[in-house]
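Novice: For reference, this is query06.csv, and it has CSV, C-alpha atoms and all ligand atoms.
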```
chain,number,residue,atom,x,y,z
A,217,MET,CA,51.8,-124.2,17.1
A,218,ALA,CA,51.5,-121.1,19.3
A,219,ARG,CA,54.3,-119.5,21.2
A,220,PHE,CA,54.1,-118.7,24.9
A,221,ARG,CA,55.7,-116.0,26.9
A,222,ASN,CA,53.7,-115.5,30.1
A,223,GLY,CA,52.9,-117.1,33.4
A,224,HIS,CA,49.2,-117.2,32.8
A,225,VAL,CA,49.0,-120.4,30.8
A,226,THR,CA,47.8,-122.9,33.3
A,227,ALA,CA,48.8,-125.8,31.2
A,228,LEU,CA,49.7,-126.6,27.6
A,229,ASN,CA,47.9,-129.6,26.2
A,230,PRO,CA,48.9,-129.9,22.5
A,231,THR,CA,46.3,-132.4,21.8
A,232,SER,CA,46.9,-134.4,18.7
A,233,ILE,CA,45.7,-137.5,17.1
A,234,GLN,CA,48.8,-139.3,18.5
A,235,ILE,CA,47.4,-138.9,22.1
A,236,SER,CA,44.2,-141.0,22.4
A,237,PRO,CA,41.2,-139.6,24.2
A,238,ALA,CA,41.6,-142.5,26.7
A,239,GLU,CA,45.2,-141.4,27.5
A,240,ARG,CA,44.2,-137.7,27.8
A,241,LEU,CA,41.2,-138.3,30.1
A,242,ARG,CA,42.4,-141.4,32.1
A,243,GLY,CA,41.9,-140.7,35.8
A,244,ILE,CA,39.9,-137.6,35.0
A,245,LEU,CA,36.6,-139.2,33.9
A,246,PRO,CA,35.3,-142.7,34.5
A,247,ASP,CA,36.4,-145.2,31.9
A,248,PRO,CA,32.9,-145.9,30.5
A,249,GLU,CA,32.4,-142.1,30.0
A,250,ILE,CA,35.8,-141.9,28.2
A,251,ALA,CA,34.8,-144.7,26.0
A,252,ALA,CA,31.5,-143.0,25.2
A,253,LEU,CA,33.2,-139.7,24.4
A,254,ALA,CA,36.1,-141.1,22.4
A,255,PRO,CA,34.3,-141.0,19.0
A,256,ILE,CA,33.4,-137.3,19.2
A,257,ILE,CA,36.8,-136.4,20.6
A,258,GLU,CA,38.5,-138.2,17.7
A,259,GLU,CA,36.1,-136.4,15.2
A,260,ILE,CA,37.1,-133.1,16.7
A,261,GLU,CA,40.8,-133.9,16.5
A,262,GLU,CA,40.5,-134.8,12.8
A,263,LEU,CA,38.5,-131.6,12.1
A,264,LYS,CA,41.1,-129.5,13.9
A,265,VAL,CA,43.8,-130.9,11.6
A,266,ARG,CA,41.7,-130.4,8.5
A,267,ARG,CA,40.8,-126.8,9.4
A,268,LYS,CA,44.2,-125.9,10.8
A,269,ALA,CA,42.4,-124.9,14.0
A,270,ALA,CA,43.2,-124.4,17.6
A,271,ILE,CA,40.7,-124.7,20.5
A,272,LEU,CA,41.2,-122.1,23.2
A,273,ALA,CA,39.5,-123.1,26.4
A,274,HIS,CA,38.7,-121.0,29.4
A,275,ASN,CA,39.4,-122.5,32.9
A,276,TYR,CA,35.6,-122.8,33.4
A,277,MET,CA,35.2,-125.4,30.7
A,278,THR,CA,34.1,-128.9,31.7
A,279,PRO,CA,36.9,-131.5,32.0
A,280,ASP,CA,35.9,-133.3,28.7
A,281,ILE,CA,36.6,-130.0,26.8
A,282,PHE,CA,39.4,-128.7,29.1
A,283,HIS,CA,41.4,-131.8,29.2
A,284,GLY,CA,39.9,-133.7,26.2
A,285,VAL,CA,40.2,-131.4,23.2
A,286,SER,CA,41.7,-128.0,24.1
A,287,ASP,CA,45.0,-126.9,22.6
A,288,LEU,CA,45.5,-123.8,24.7
A,289,LYS,CA,43.9,-123.0,28.0
A,290,GLY,CA,43.9,-120.3,30.7
A,291,ASP,CA,42.3,-117.2,32.1
A,292,SER,CA,41.0,-114.3,30.0
A,293,LEU,CA,44.4,-112.7,29.9
A,294,ALA,CA,46.1,-115.8,28.8
A,295,LEU,CA,43.4,-116.5,26.1
A,296,ALA,CA,43.8,-112.9,24.8
A,297,ARG,CA,47.6,-113.4,24.6
A,298,MET,CA,47.4,-116.8,23.1
A,299,ALA,CA,44.9,-115.6,20.5
A,300,ALA,CA,47.3,-112.9,19.5
A,301,GLU,CA,50.1,-115.3,19.1
A,302,THR,CA,48.6,-118.5,17.7
A,303,GLU,CA,49.5,-119.5,14.2
A,304,ALA,CA,46.4,-121.5,13.7
A,305,GLU,CA,44.2,-120.3,10.9
A,306,VAL,CA,41.0,-120.9,12.7
A,307,ILE,CA,40.4,-120.3,16.4
A,308,VAL,CA,37.5,-122.0,18.2
A,309,MET,CA,36.8,-120.2,21.5
A,310,ALA,CA,35.6,-122.6,24.1
A,311,GLY,CA,34.5,-119.8,26.4
A,312,VAL,CA,32.0,-117.0,26.1
A,313,HIS,CA,31.2,-114.5,23.4
A,314,PHE,CA,33.4,-111.6,24.7
A,315,MET,CA,36.4,-113.9,24.7
A,316,ALA,CA,35.7,-114.9,21.0
A,317,GLU,CA,35.4,-111.2,20.2
A,318,THR,CA,38.7,-110.4,21.9
A,319,ALA,CA,40.3,-113.1,19.9
A,320,LYS,CA,38.9,-111.6,16.7
A,321,ILE,CA,39.9,-108.1,17.7
A,322,VAL,CA,43.6,-109.2,17.9
A,323,ASN,CA,43.3,-111.4,14.8
A,324,GLU,CA,41.4,-109.5,12.1
A,325,ASP,CA,42.5,-111.9,9.3
A,326,LYS,CA,41.7,-115.1,11.1
A,327,THR,CA,38.5,-117.0,11.4
A,328,VAL,CA,37.2,-117.0,15.0
A,329,LEU,CA,34.3,-119.4,15.8
A,330,ILE,CA,32.1,-119.5,18.9
A,331,PRO,CA,30.3,-122.8,19.3
A,332,ASP,CA,27.1,-121.1,20.7
A,333,LEU,CA,26.2,-117.6,19.9
A,334,ASN,CA,24.2,-117.3,23.1
A,335,ALA,CA,27.2,-117.9,25.4
A,336,GLY,CA,27.0,-114.4,26.8
A,337,CYS,CA,28.0,-112.8,30.1
A,338,SER,CA,26.1,-110.7,32.7
A,339,LEU,CA,29.0,-108.2,32.8
A,340,ALA,CA,29.1,-107.7,29.1
A,341,ASP,CA,25.4,-107.1,29.1
A,342,ALA,CA,25.7,-104.5,31.9
A,343,ILE,CA,27.0,-101.7,29.7
A,344,THR,CA,26.9,-100.3,26.1
A,345,GLY,CA,29.2,-98.1,24.1
A,346,ALA,CA,26.6,-95.3,24.4
A,347,ASP,CA,26.8,-95.6,28.3
A,348,VAL,CA,30.6,-95.2,28.0
A,349,ARG,CA,30.2,-92.1,25.8
A,350,LEU,CA,27.9,-90.5,28.4
A,351,LEU,CA,30.4,-91.3,31.2
A,352,LYS,CA,33.2,-89.7,29.3
A,353,GLU,CA,31.1,-86.5,28.9
A,354,ARG,CA,30.5,-86.6,32.6
A,355,TYR,CA,34.1,-87.1,33.6
A,356,PRO,CA,36.1,-85.4,30.8
A,357,GLY,CA,39.7,-86.4,30.6
A,358,VAL,CA,39.4,-89.3,33.1
A,359,PRO,CA,40.8,-92.5,31.4
A,360,VAL,CA,38.4,-95.4,31.0
A,361,VAL,CA,39.7,-98.8,32.1
A,362,THR,CA,37.4,-101.6,30.8
A,363,TYR,CA,37.3,-105.2,31.9
A,364,VAL,CA,37.6,-107.5,28.9
A,365,ASN,CA,34.2,-108.9,29.9
A,366,THR,CA,32.6,-106.4,27.6
A,367,SER,CA,31.5,-106.0,23.9
A,368,ALA,CA,33.8,-104.7,21.2
A,369,ASP,CA,31.7,-101.6,21.1
A,370,VAL,CA,32.5,-100.8,24.8
A,371,LYS,CA,36.2,-101.7,24.3
A,372,ALA,CA,36.3,-99.3,21.4
A,373,GLU,CA,35.1,-96.4,23.6
A,374,SER,CA,37.8,-97.2,26.3
A,375,ASP,CA,41.4,-96.1,26.8
A,376,ILE,CA,42.6,-99.5,27.9
A,377,CYS,CA,41.3,-103.0,28.8
A,378,CYS,CA,42.2,-105.1,31.8
A,379,THR,CA,41.4,-108.6,33.1
A,380,SER,CA,41.2,-109.8,36.7
A,381,GLY,CA,44.8,-110.9,36.3
A,382,ASN,CA,46.2,-107.5,35.5
A,383,ALA,CA,43.6,-104.9,36.6
A,384,VAL,CA,45.8,-103.3,39.3
A,385,GLN,CA,48.9,-103.1,37.1
A,386,VAL,CA,46.7,-101.6,34.2
A,387,VAL,CA,45.2,-98.9,36.5
A,388,GLU,CA,48.6,-98.0,37.8
A,389,SER,CA,50.2,-98.0,34.4
A,390,LEU,CA,48.2,-94.9,33.5
A,391,GLY,CA,50.0,-92.7,36.0
A,392,VAL,CA,46.8,-90.8,36.9
A,393,ASP,CA,44.9,-90.0,40.1
A,394,ARG,CA,41.6,-91.4,39.1
A,395,VAL,CA,40.1,-93.7,36.5
A,396,ILE,CA,36.6,-94.8,35.4
A,397,PHE,CA,36.5,-98.6,35.9
A,398,LEU,CA,33.9,-100.6,33.9
A,399,PRO,CA,31.7,-102.5,34.3
A,400,ASP,CA,32.3,-104.8,37.3
A,401,GLN,CA,31.7,-102.9,40.6
A,402,TYR,CA,33.2,-105.7,42.7
A,403,LEU,CA,36.4,-106.1,40.7
A,404,GLY,CA,36.6,-102.3,40.8
A,405,ARG,CA,36.2,-102.2,44.5
A,406,TRP,CA,38.8,-104.8,44.9
A,407,VAL,CA,41.3,-102.9,42.7
A,408,ALA,CA,40.5,-99.8,44.9
A,409,THR,CA,41.8,-101.7,47.9
A,410,GLN,CA,45.1,-102.4,46.1
A,411,THR,CA,46.0,-98.9,44.8
A,412,GLU,CA,46.0,-95.2,45.7
A,413,VAL,CA,44.2,-94.4,42.4
A,414,GLU,CA,40.6,-93.3,42.8
A,415,ILE,CA,38.2,-95.6,41.1
A,416,ILE,CA,34.9,-94.4,39.6
A,417,LEU,CA,32.7,-97.5,39.4
A,418,TRP,CA,29.9,-98.8,37.2
A,419,GLU,CA,27.2,-101.0,38.8
A,420,GLY,CA,27.7,-104.2,36.8
A,421,ALA,CA,28.2,-107.6,38.4
A,422,CYS,CA,28.8,-111.2,37.5
A,423,GLU,CA,25.7,-113.3,38.1
A,424,VAL,CA,27.8,-116.2,39.3
A,425,HIS,CA,30.2,-114.6,41.7
A,426,GLU,CA,27.7,-112.2,43.3
A,427,ARG,CA,25.8,-115.2,44.6
A,428,PHE,CA,28.6,-116.2,47.1
A,429,THR,CA,28.1,-114.9,50.6
A,430,ALA,CA,30.5,-114.3,53.5
A,431,GLU,CA,28.3,-116.3,55.8
A,432,GLU,CA,28.6,-119.3,53.5
A,433,LEU,CA,32.4,-119.1,53.6
A,434,ARG,CA,32.4,-118.8,57.4
A,435,GLY,CA,30.3,-122.0,57.4
A,436,TYR,CA,33.0,-123.7,55.4
A,437,ARG,CA,35.7,-122.6,57.8
A,438,SER,CA,33.7,-123.7,60.9
A,439,LEU,CA,33.0,-127.1,59.3
A,440,ASN,CA,36.6,-127.6,58.0
A,441,PRO,CA,39.2,-126.0,60.4
A,442,GLY,CA,42.3,-125.0,58.5
A,443,ILE,CA,40.6,-124.9,55.1
A,444,GLN,CA,42.1,-122.3,52.7
A,445,ILE,CA,39.6,-120.0,51.0
A,446,ILE,CA,40.6,-118.5,47.6
A,447,ALA,CA,38.3,-116.2,45.7
A,448,HIS,CA,37.9,-114.5,42.4
A,449,PRO,CA,37.8,-110.7,42.6
A,450,GLU,CA,34.3,-110.6,40.9
A,451,CYS,CA,33.0,-111.6,44.3
A,452,PRO,CA,31.4,-109.0,46.7
A,453,PRO,CA,33.8,-107.3,49.1
A,454,ASP,CA,32.6,-109.1,52.3
A,455,VAL,CA,33.3,-112.4,50.5
A,456,LEU,CA,36.8,-111.3,49.5
A,457,ASP,CA,37.4,-110.2,53.2
A,458,GLU,CA,36.9,-113.8,54.2
A,459,ALA,CA,39.5,-115.1,51.6
A,460,ASP,CA,43.1,-116.1,52.2
A,461,PHE,CA,43.9,-115.3,48.6
A,462,VAL,CA,42.2,-113.3,45.8
A,463,GLY,CA,43.2,-113.8,42.2
A,464,SER,CA,42.1,-114.4,38.6
A,465,THR,CA,41.2,-118.0,37.7
A,466,ALA,CA,44.8,-118.6,36.6
A,467,GLY,CA,46.1,-116.9,39.8
A,468,MET,CA,43.9,-119.2,41.9
A,469,ILE,CA,45.2,-122.3,40.0
A,470,ASN,CA,48.8,-121.2,40.4
A,471,TRP,CA,48.2,-120.5,44.1
A,472,VAL,CA,46.9,-124.1,44.7
A,473,LYS,CA,49.8,-125.5,42.8
A,474,SER,CA,52.4,-123.6,44.7
A,475,GLU,CA,50.9,-123.6,48.2
A,476,ARG,CA,49.5,-127.2,48.0
A,477,PRO,CA,46.9,-126.7,50.7
A,478,ARG,CA,45.5,-129.7,52.4
A,479,GLN,CA,42.0,-128.5,51.9
A,480,VAL,CA,40.7,-125.6,49.7
A,481,VAL,CA,37.5,-124.0,48.5
A,482,MET,CA,37.8,-122.1,45.3
A,483,VAL,CA,35.2,-119.3,45.3
A,484,THR,CA,34.4,-119.2,41.6
A,485,GLU,CA,32.7,-121.1,38.9
A,486,CYS,CA,32.6,-124.8,39.9
A,487,SER,CA,34.1,-126.6,36.9
A,488,MET,CA,37.4,-125.0,37.7
A,489,SER,CA,37.8,-127.2,40.8
A,490,ASP,CA,37.1,-130.3,38.7
A,491,ASN,CA,39.9,-129.2,36.3
A,492,VAL,CA,42.5,-128.3,39.0
A,493,ALA,CA,41.8,-131.3,41.2
A,494,VAL,CA,43.2,-133.5,38.4
A,495,GLU,CA,46.6,-131.7,38.7
A,496,SER,CA,46.6,-131.4,42.5
A,497,PRO,CA,46.1,-134.9,43.9
A,498,GLY,CA,47.3,-133.9,47.4
A,499,THR,CA,44.6,-131.3,47.9
A,500,GLU,CA,41.0,-131.9,48.9
A,501,PHE,CA,38.6,-129.5,47.1
A,502,VAL,CA,35.4,-128.5,48.9
A,503,ARG,CA,33.1,-127.5,46.1
A,504,PRO,CA,30.3,-125.0,46.2
A,505,CYS,CA,28.7,-125.4,42.8
A,506,ASN,CA,27.8,-122.1,41.2
A,507,LEU,CA,27.7,-122.8,37.5
A,508,CYS,CA,28.0,-120.1,34.8
A,509,PRO,CA,25.1,-120.8,32.5
A,510,HIS,CA,26.9,-119.1,29.6
A,511,MET,CA,30.1,-121.1,29.9
A,512,LYS,CA,28.1,-124.3,30.2
A,513,ARG,CA,26.5,-123.7,26.7
A,514,ILE,CA,29.8,-124.9,25.2
A,515,THR,CA,29.8,-128.6,24.6
A,516,LEU,CA,31.8,-131.2,22.7
A,517,GLU,CA,28.9,-131.5,20.3
A,518,ASN,CA,28.8,-127.8,19.4
A,519,ILE,CA,32.6,-127.6,19.2
A,520,ARG,CA,32.4,-130.4,16.7
A,521,ASP,CA,29.6,-128.7,14.8
A,522,ALA,CA,31.5,-125.4,14.8
A,523,LEU,CA,34.5,-127.0,13.2
A,524,ARG,CA,32.5,-129.1,10.8
A,525,ASP,CA,30.2,-126.3,9.5
A,526,MET,CA,32.6,-123.4,10.2
A,527,LYS,CA,30.0,-121.7,12.5
A,528,HIS,CA,29.4,-119.3,14.2
A,529,GLU,CA,31.9,-116.9,12.8
A,530,VAL,CA,32.5,-113.8,14.9
A,531,SER,CA,32.6,-110.6,12.9
A,532,ILE,CA,33.1,-107.0,14.1
A,533,ASP,CA,32.7,-103.8,12.3
A,534,PRO,CA,36.2,-102.9,11.1
A,535,ALA,CA,36.0,-99.4,12.5
A,536,ILE,CA,35.0,-100.6,15.9
A,537,ALA,CA,37.5,-103.4,15.8
A,538,GLU,CA,40.4,-101.0,15.1
A,539,ARG,CA,39.6,-98.8,18.1
A,540,ALA,CA,38.9,-101.8,20.3
A,541,ARG,CA,42.3,-103.3,19.3
A,542,LYS,CA,44.1,-100.3,20.6
A,543,SER,CA,42.6,-100.8,24.1
A,544,VAL,CA,43.4,-104.6,24.0
A,545,GLU,CA,46.9,-104.1,22.7
A,546,ARG,CA,47.6,-101.4,25.2
A,547,MET,CA,46.6,-103.8,27.9
A,548,LEU,CA,48.8,-106.6,26.5
A,549,ALA,CA,51.8,-104.3,26.6
A,550,VAL,CA,51.4,-103.7,30.4
A,551,PRO,CA,53.9,-106.0,32.2
A,552,VAL,CA,52.5,-108.2,34.9
B,601,LIG,P1,39.4,-114.8,34.5
B,601,LIG,O1,40.0,-113.7,33.6
B,601,LIG,O2,39.9,-114.7,35.9
B,601,LIG,O3,39.6,-116.1,33.9
B,601,LIG,O4,37.9,-114.5,34.7
B,601,LIG,C1,37.0,-114.5,33.6
B,601,LIG,C2,35.6,-114.7,34.0
B,601,LIG,O5,34.7,-114.6,33.3
B,601,LIG,C3,35.4,-114.9,35.4
B,601,LIG,O6,34.1,-115.1,35.7
B,602,LIG,FE1,30.5,-113.6,32.9
B,602,LIG,FE2,30.3,-114.4,35.4
B,602,LIG,FE3,30.0,-116.2,33.5
B,602,LIG,FE4,32.4,-115.1,33.9
B,602,LIG,S1,31.3,-116.4,35.3
B,602,LIG,S2,31.4,-115.4,32.0
B,602,LIG,S3,31.9,-113.0,34.5
B,602,LIG,S4,28.6,-114.4,33.9
```
Have the structure of the file written as structure tokens, please.
Ligand code: 13P
Ligand code: SF4
Specialist:
Amino acid sequence: MARFRNGHVTALNPTSIQISPAERLRGILPDPEIAALAPIIEEIEELKVRRKAAILAHNYMTPDIFHGVSDLKGDSLALARMAAETEAEVIVMAGVHFMAETAKIVNEDKTVLIPDLNAGCSLADAITGADVRLLKERYPGVPVVTYVNTSADVKAESDICCTSGNAVQVVESLGVDRVIFLPDQYLGRWVATQTEVEIILWEGACEVHERFTAEELRGYRSLNPGIQIIAHPECPPDVLDEADFVGSTAGMINWVKSERPRQVVMVTECSMSDNVAVESPGTEFVRPCNLCPHMKRITLENIRDALRDMKHEVSIDPAIAERARKSVERMLAVPV
């Protein structure tokens, strides 16, 4: 079993063959759907025991994965922490490729599997290690803070990583006047509103969050007076200006649980509302549906195949992994 020491774990669901799929998913999915999914969920549970594996699931996974088979779940920061702490021999990342790479970076001796190699991220695709080297030449001595939504190569060129859950604390932990912040321009702009540190930006963006508009949110407010709007900092600044709260996926979940709004719109990937609604019965979720096509590549079927055939194993050049590890571990040491 893994140990936990932070507030970013949104829930702990130590699935085991003692808890049947029906019990785990009752009230979350319709009974006929649960009955149809039960055989594959049981197959996955048996494979997990056989492989001594843990399934780590990001908050954007669909409820069948998130509630049905995951052992540990949370935002990117929690997943990185849990990956560093789990005693499982095999980690299956129910998330996107950079999350699996981060798990491997902090676990060089463990087997890390990603169920679909094409589960990418528009932010990770926005910058290369060569780009970072050029930036460092242009701004000598300015530390590079890199969002975890990047390749190992980019992390290796960076001074420290951050997630949306700790970006402000990471920037301030450096004790400098300015930083290069990569690659999400919108997260970078939001961090700039929270700190005196000057932020040098890169022009990357999340293809899911950049689609939200301030006008759309004003529409939700006029149709639903009193609705609370909570948004992920990957959204453009005018969208964040409309929000009552801005936070990482785990930050948003914790906000709903503590504030218990009557009605809320979560301005982020839409599976998250499905997952949180289960645990917040008193709150009505208004749901714009922007799906992340990369996250949605992960399915129960390819999780089962990953465990059965031990594929697709994530491997990183050891020299790159060693340098990337320093950036990730430096981030994990920053208190939040
Ligand atoms: P979180 O770290 O907030 O979970 O965000 C990850 C992500 O990919 C958001 O799009
Ligand atoms: Fe990347 Fe955006 Fe998908 Fe998150 S939601 S994995 S940032 S493309």
Novice: Would you give me, as a Markdown table, each residue of chain A having an atom within 6 Å of an atom of ligand LIG 602 (chain B), along with its shortest atom pair and that distance in Å to one decimal, using only C-alpha atoms and all ligand atoms and sorting by chain and residue number?
Specialist:
```
| residue | atom | partner | partner_atom | distance |
| --- | --- | --- | --- | --- |
| A:Cys337 | CA | B:LIG602 | FE1 | 3.8 |
| A:Ser338 | CA | B:LIG602 | S4 | 4.6 |
| A:Leu339 | CA | B:LIG602 | FE1 | 5.6 |
| A:Cys422 | CA | B:LIG602 | FE2 | 4.1 |
| A:Glu423 | CA | B:LIG602 | S4 | 5.2 |
| A:Val424 | CA | B:LIG602 | FE2 | 5.0 |
| A:Cys508 | CA | B:LIG602 | FE3 | 4.6 |
| A:His510 | CA | B:LIG602 | FE3 | 5.8 |
```
Novice: Check which residues fall inside 10 Å of ligand LIG 601 (chain B) when counting all atoms listed in the file, and print them as a JSON list (two decimals) with C-alpha atoms, in the coordinates of the input.
Specialist:
```json
[["chain", "number", "residue", "atom", "x", "y", "z"],
["A", 224, "HIS", "CA", 49.20, -117.20, 32.80],
["A", 274, "HIS", "CA", 38.70, -121.00, 29.40],
["A", 275, "ASN", "CA", 39.40, -122.50, 32.90],
["A", 276, "TYR", "CA", 35.60, -122.80, 33.40],
["A", 290, "GLY", "CA", 43.90, -120.30, 30.70],
["A", 291, "ASP", "CA", 42.30, -117.20, 32.10],
["A", 292, "SER", "CA", 41.00, -114.30, 30.00],
["A", 293, "LEU", "CA", 44.40, -112.70, 29.90],
["A", 294, "ALA", "CA", 46.10, -115.80, 28.80],
["A", 295, "LEU", "CA", 43.40, -116.50, 26.10],
["A", 296, "ALA", "CA", 43.80, -112.90, 24.80],
["A", 311, "GLY", "CA", 34.50, -119.80, 26.40],
["A", 312, "VAL", "CA", 32.00, -117.00, 26.10],
["A", 314, "PHE", "CA", 33.40, -111.60, 24.70],
["A", 315, "MET", "CA", 36.40, -113.90, 24.70],
["A", 337, "CYS", "CA", 28.00, -112.80, 30.10],
["A", 338, "SER", "CA", 26.10, -110.70, 32.70],
["A", 339, "LEU", "CA", 29.00, -108.20, 32.80],
["A", 340, "ALA", "CA", 29.10, -107.70, 29.10],
["A", 363, "TYR", "CA", 37.30, -105.20, 31.90],
["A", 364, "VAL", "CA", 37.60, -107.50, 28.90],
["A", 365, "ASN", "CA", 34.20, -108.90, 29.90],
["A", 378, "CYS", "CA", 42.20, -105.10, 31.80],
["A", 379, "THR", "CA", 41.40, -108.60, 33.10],
["A", 380, "SER", "CA", 41.20, -109.80, 36.70],
["A", 381, "GLY", "CA", 44.80, -110.90, 36.30],
["A", 382, "ASN", "CA", 46.20, -107.50, 35.50],
["A", 383, "ALA", "CA", 43.60, -104.90, 36.60],
["A", 421, "ALA", "CA", 28.20, -107.60, 38.40],
["A", 422, "CYS", "CA", 28.80, -111.20, 37.50],
["A", 423, "GLU", "CA", 25.70, -113.30, 38.10],
["A", 424, "VAL", "CA", 27.80, -116.20, 39.30],
["A", 425, "HIS", "CA", 30.20, -114.60, 41.70],
["A", 448, "HIS", "CA", 37.90, -114.50, 42.40],
["A", 449, "PRO", "CA", 37.80, -110.70, 42.60],
["A", 450, "GLU", "CA", 34.30, -110.60, 40.90],
["A", 451, "CYS", "CA", 33.00, -111.60, 44.30],
["A", 463, "GLY", "CA", 43.20, -113.80, 42.20],
["A", 464, "SER", "CA", 42.10, -114.40, 38.60],
["A", 465, "THR", "CA", 41.20, -118.00, 37.70],
["A", 466, "ALA", "CA", 44.80, -118.60, 36.60],
["A", 467, "GLY", "CA", 46.10, -116.90, 39.80],
["A", 468, "MET", "CA", 43.90, -119.20, 41.90],
["A", 484, "THR", "CA", 34.40, -119.20, 41.60],
["A", 485, "GLU", "CA", 32.70, -121.10, 38.90],
["A", 488, "MET", "CA", 37.40, -125.00, 37.70],
["A", 508, "CYS", "CA", 28.00, -120.10, 34.80],
["A", 510, "HIS", "CA", 26.90, -119.10, 29.60],
["A", 511, "MET", "CA", 30.10, -121.10, 29.90]]
```
Novice: Got a sec to check which residues sit within 7 Å of (35.0, -123.2, 47.1), counting all atoms listed in the file, and write them as an NGL selection string?
Specialist: :A and (445 or 480-484 or 502-504)
Novice: May I have the selected residues written with C-alpha atoms, as a short mmCIF file (atom, residue, chain, number, x, y, z; two decimals), in the coordinates of the input?
Specialist:
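Final output, selection.cif:
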```cif
data_model
loop_
_atom_site.label_atom_id
_atom_site.label_comp_id
_atom_site.auth_asym_id
_atom_site.auth_seq_id
_atom_site.Cartn_x
_atom_site.Cartn_y
_atom_site.Cartn_z
CA ILE A 445 39.60 -120.00 51.00
CA VAL A 480 40.70 -125.60 49.70
CA VAL A 481 37.50 -124.00 48.50
CA MET A 482 37.80 -122.10 45.30
CA VAL A 483 35.20 -119.30 45.30
CA THR A 484 34.40 -119.20 41.60
CA VAL A 502 35.40 -128.50 48.90
CA ARG A 503 33.10 -127.50 46.10
CA PRO A 504 30.30 -125.00 46.20
#
```
Novice: What is the distance, in Å and to one decimal place, between CA of Ile257 (chain A) and CA of Glu517 (chain A)?
Specialist: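 Separation between CA of Ile257 (chain A) and CA of Glu517 (chain A): 9.3 Å.
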Novice: Go through A:Asp280, A:Glu262, A:Asp369, A:Glu301 and flag the residue nearest Pro534 (chain A), using all atoms listed in the file for the distances.
Specialist: A:Asp369
Novice: Rounded to one decimal place, report the CA of Leu288 (chain A)-CA of Ala270 (chain A) distance in Å.
Specialist: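 Computing it gives 7.5 Å between the two atoms.
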Novice: Which residue, A:Lys326, A:Arg437, A:Arg541, A:Arg240, has the smallest gap to Ser286 (chain A) when you use all atoms listed in the file?
Specialist: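 Looking at the shortest contact to Ser286 (chain A), the residue is A:Arg240.
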Novice: Applying 10 Å and all atoms listed in the file, which residues near Gly498 (chain A) remain after dropping the ones on its own chain fewer than 2 positions away? List them as a ChimeraX atom specification.
Specialist: /A:473,476-479,493-496,500-501
Novice: Quick one: residues within 10 Å of Glu324 (chain A), all atoms listed in the file counted, chain neighbours fewer than 5 positions away excluded, as a PDB file with C-alpha atoms, in the frame of the given file?
Specialist:
```pdb
ATOM      1  CA  ALA A 319      40.300-113.100  19.900  1.00  0.00           C
ATOM      2  CA  SER A 531      32.600-110.600  12.900  1.00  0.00           C
ATOM      3  CA  ILE A 532      33.100-107.000  14.100  1.00  0.00           C
ATOM      4  CA  PRO A 534      36.200-102.900  11.100  1.00  0.00           C
ATOM      5  CA  ALA A 537      37.500-103.400  15.800  1.00  0.00           C
ATOM      6  CA  GLU A 538      40.400-101.000  15.100  1.00  0.00           C
ATOM      7  CA  ARG A 541      42.300-103.300  19.300  1.00  0.00           C
TER       8      ARG A 541
END
```
Novice: For Arg349 (chain A), work out the shell of residues within 10 Å, counting all atoms listed in the file and skipping chain neighbours fewer than 3 positions away, then give it as a list in words.
Specialist: Thr344, Gly345, Ala346, Lys352, Glu353, Arg354, Val370, Glu373 and Ser374 of chain A
Novice: May I ask which of the residues A:Pro255, A:Gly404, A:Gly391, A:Pro331 is the closest one to Arg524 (chain A), counting all atoms listed in the file?
Specialist: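 Nearest candidate to Arg524 (chain A) out of A:Pro255, A:Gly404, A:Gly391, A:Pro331: A:Pro331.
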Novice: Which protein, DNA or RNA residues are at most 12 Å from (43.2, -95.7, 18.3) in the file's coordinates when you count all atoms listed in the file, listed as a list in words?
Specialist: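 All residues meeting the 12 Å criterion around (43.2, -95.7, 18.3) are Lys371, Ala372, Glu373, Ser374, Asp375, Ile376, Ala535, Ile536, Ala537, Glu538, Arg539, Ala540, Arg541, Lys542, Ser543, Val544, Glu545 and Arg546 of chain A.
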Novice: Could you state the separation of CA of Ala430 (chain A) and CA of Glu458 (chain A) in Å, given to one decimal place?
Specialist: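 Result for CA of Ala430 (chain A) versus CA of Glu458 (chain A): 6.5 Å, one decimal.
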Novice: Hey, which of A:Ala273, A:Ala342, A:Ala299, A:Leu523 ends up closest to Asp287 (chain A)? Count only C-alpha atoms.
Specialist: A:Ala273
Novice: Between A:Ser389, A:Thr278, A:Gln401, A:Thr499, which has the minimum distance to Ile343 (chain A) (counting all atoms listed in the file)?
Specialist: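 Counting all atoms listed in the file, the residue closest to Ile343 (chain A) is A:Gln401.
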Novice: Is there a way to complete region 347-351 of chain A with N, CA and C atoms and then write that out as a PDB file, in the coordinates of the input?
Specialist:
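Below is the file that was written, out_32.pdb:
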```pdb
ATOM      1  N   ASP A 347      26.629 -95.904  26.834  1.00  0.00           N
ATOM      2  CA  ASP A 347      26.800 -95.600  28.300  1.00  0.00           C
ATOM      3  C   ASP A 347      28.237 -95.025  28.480  1.00  0.00           C
ATOM      4  N   VAL A 348      29.224 -95.620  27.819  1.00  0.00           N
ATOM      5  CA  VAL A 348      30.600 -95.200  28.000  1.00  0.00           C
ATOM      6  C   VAL A 348      30.761 -93.730  27.484  1.00  0.00           C
ATOM      7  N   ARG A 349      30.129 -93.459  26.370  1.00  0.00           N
ATOM      8  CA  ARG A 349      30.200 -92.100  25.800  1.00  0.00           C
ATOM      9  C   ARG A 349      29.636 -91.083  26.802  1.00  0.00           C
ATOM     10  N   LEU A 350      28.519 -91.434  27.450  1.00  0.00           N
ATOM     11  CA  LEU A 350      27.900 -90.500  28.400  1.00  0.00           C
ATOM     12  C   LEU A 350      28.846 -90.329  29.640  1.00  0.00           C
ATOM     13  N   LEU A 351      29.482 -91.430  30.083  1.00  0.00           N
ATOM     14  CA  LEU A 351      30.400 -91.300  31.200  1.00  0.00           C
ATOM     15  C   LEU A 351      31.585 -90.402  30.882  1.00  0.00           C
TER      16      LEU A 351
END
```
